[in-house]
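Heads up: the structure comes next, in structure tokens.
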Amino acid sequence: MKAIHFLVCCLLIAGCTSTSKKEVLNSRIELHEAFPSEYVDARDVNVFLPHQYFEADTPPFRVLYMHDGQNVFTPETAYGGVAWEADSALQAMMDSGSIHPTIIVAISNNGMKRYAEYCPEKPFLDLDASVQDSVSAEYNLDKMLADEYLLFITKELKPFIDSNYRTCTDPTHTFMMGSSMGGLISCYALLEYPDVFGGAACVSTHWPFSHSPGPHPFPEVMEMYLAQSITRLDSTHRLYFDHGTVTLDSIYPPYQKRIDSIIAASDWSGENWSQQFIGAEHNEASWKARISTPLSFLLKNL
């Protein structure tokens, strides 16, 4: 279900962003090129509109925000030439009636600043200064930008999406999803903005943050932050975790077990899901193969 031709459309907001449209059969992907921000560097944003969006008398749609937008729809822009093809998966699930009508907002990462934007900032700043310096040097980071990145999404991008598309704007219809470092920032976004997001899918979450040999100090501060912040969620929130068992995912089970234990010991009564996929690797092909699982968890019809 890939593009067959491009259409040119007018500016949605004068001076803000240029827009081109990619038609996918009766569905459409709209590109908002170099979307500007006062908080972080500009980046491309692609919006997938299923064909139901263009049918008469359809109600407002849910919104799923996804990180690493280059990998979400199109193999031509995806890392390693394999995309999640989330548009095809979402469309098929909507056509079957298994999930609520939803649009996807795919936010491109910003290259070398990806780690700075996706690492939960408040837990990171709880690390000893020497540890912060060591981890920052590993990724050549000048400063952490996760809080600024989430301000971009909540204060600039979401208002734009809600103003220019037919969406449900409340948190029970607004979700976030990402893999690896994108899993970390998705979890952090839900805990920081429970009044904006109703759920997060954290796929192959890179709990260690560092890629150097262990032990890793970041998971401890992240676990403390989670234990303190989970109380911000209510019974309507949903939180999904998964991981594979080979390549980089092979190191995640102990970390995920501790996260699961913290959630189980809390008073939070929302819906939580944690699953292991035997033989799954840490790559787009594995995430593409199981994308229907987190989509179903977040967007299922009740």
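Letters for chains follow the order of the structure tokens (A, B, ...), residue numbers begin at 1 for each chain, and ligand numbers begin at 1 in the order shown.
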- Task: Find the residues around segment 194-207 of chain A up to 8 Å (only C-alpha atoms counted), leave out those fewer than 2 positions away in its own chain, and share them as number ranges by chain.
- Result: A: 154, 170-184, 186-187, 189-192, 209, 218-219, 232-233, 236-244, 249, 252, 255-256, 282, 287, 294, 298
- Where does DSSP see strand (DSSP E or B) in segment 89-181 of chain A, if you list the residues as a VMD selection string? chain A and resid 99 102 to 107 167 174 to 179
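For the pair atom CA of Val63 of chain A and atom CA of Ser261 of chain A, the interatomic distance is 29.6 Å.
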- Item | Polymer residues at most 12 Å from Leu125 of chain A, only C-alpha atoms, same-chain spacing of 2 or more positions, as a PyMOL selection string | chain A and resi 119-123+127-133+135-136+143-147+217-218+221-222+225
- Query: Counting only C-alpha atoms, what is within 9 Å of Ile103 of chain A, bar same-chain residues fewer than 5 positions away, as a PyMOL selection string?
  - Reply: chain A and resi 47-50+53+61-65+87+90+167
Could you write out the selected residues, including N, CA, C and O atoms, as a compact mmCIF listing (two decimals), in the first residue's frame?
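Done, and the output landed in result-v1.txt:
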# COMPACT_ATOMS: atom_id res chain seq x y z
N VAL A 47 1.92 12.51 8.02
CA VAL A 47 0.63 12.16 8.61
C VAL A 47 -0.08 11.17 7.71
O VAL A 47 -0.35 11.47 6.53
N PHE A 48 -0.39 9.99 8.24
CA PHE A 48 -1.14 8.99 7.49
C PHE A 48 -2.62 9.12 7.78
O PHE A 48 -3.05 9.09 8.94
N LEU A 49 -3.41 9.26 6.70
CA LEU A 49 -4.86 9.37 6.78
C LEU A 49 -5.47 8.15 6.10
O LEU A 49 -5.38 8.02 4.88
N PRO A 50 -6.08 7.24 6.84
CA PRO A 50 -6.71 6.07 6.22
C PRO A 50 -7.90 6.50 5.36
O PRO A 50 -8.42 7.60 5.51
N TYR A 53 -10.98 8.24 6.63
CA TYR A 53 -10.94 9.65 7.00
C TYR A 53 -11.68 10.51 5.98
O TYR A 53 -12.21 11.58 6.32
N PHE A 61 -11.02 11.32 14.59
CA PHE A 61 -10.13 10.17 14.66
C PHE A 61 -9.18 10.27 15.85
O PHE A 61 -8.79 11.36 16.28
N ARG A 62 -8.80 9.11 16.37
CA ARG A 62 -7.72 9.05 17.33
C ARG A 62 -6.41 9.43 16.65
O ARG A 62 -6.30 9.37 15.43
N VAL A 63 -5.40 9.76 17.46
CA VAL A 63 -4.08 10.13 16.92
C VAL A 63 -3.01 9.31 17.61
O VAL A 63 -2.94 9.27 18.84
N LEU A 64 -2.16 8.68 16.80
CA LEU A 64 -1.00 7.94 17.29
C LEU A 64 0.26 8.67 16.82
O LEU A 64 0.52 8.76 15.61
N TYR A 65 1.04 9.20 17.75
CA TYR A 65 2.31 9.84 17.43
C TYR A 65 3.41 8.79 17.50
O TYR A 65 3.53 8.07 18.50
N ASP A 87 1.36 2.27 8.06
CA ASP A 87 0.15 2.67 7.33
C ASP A 87 -0.62 1.46 6.84
O ASP A 87 -1.85 1.37 7.00
N LEU A 90 -2.11 -0.44 9.96
CA LEU A 90 -3.24 0.29 10.54
C LEU A 90 -4.46 0.21 9.63
O LEU A 90 -5.58 -0.02 10.10
N THR A 167 -9.66 15.40 14.47
CA THR A 167 -9.14 14.52 15.51
C THR A 167 -9.91 14.64 16.81
O THR A 167 -10.52 15.67 17.11
- Task: Could you give me, as JSON, numbers by chain, the residues within 9 Å of Ile259 of chain A, counting only C-alpha atoms and dropping anything in the same chain fewer than 6 positions from it?
- Result: {"A": [223, 226, 227]}
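Proximity ranking of A:Asp234, A:Ser286, A:Pro208, A:Glu30 relative to Phe124 of chain A places A:Pro208 first, based on only C-alpha atoms.
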- Could you please write out, as number ranges by chain, every residue of segment 104-276 of chain A that DSSP assigns to helix (DSSP H, G or I)? A: 111-118, 121-125, 129-139, 146-164, 171-173, 181-192, 218-232, 247-251, 253-265
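Relative to atom CA of Asn71 of chain A, atom CA of Trp84 of chain A is found at 6.2 Å.
Using only C-alpha atoms, the nearest neighbour of Thr102 of chain A within the list A:His211, A:Lys257, A:Arg166, A:His216 is A:Arg166.
Ranking A:Ile251, A:His51, A:Ser235, A:Glu281 by their shortest atom-to-atom distance to Asp267 of chain A, with only C-alpha atoms included, puts A:Ser235 first.
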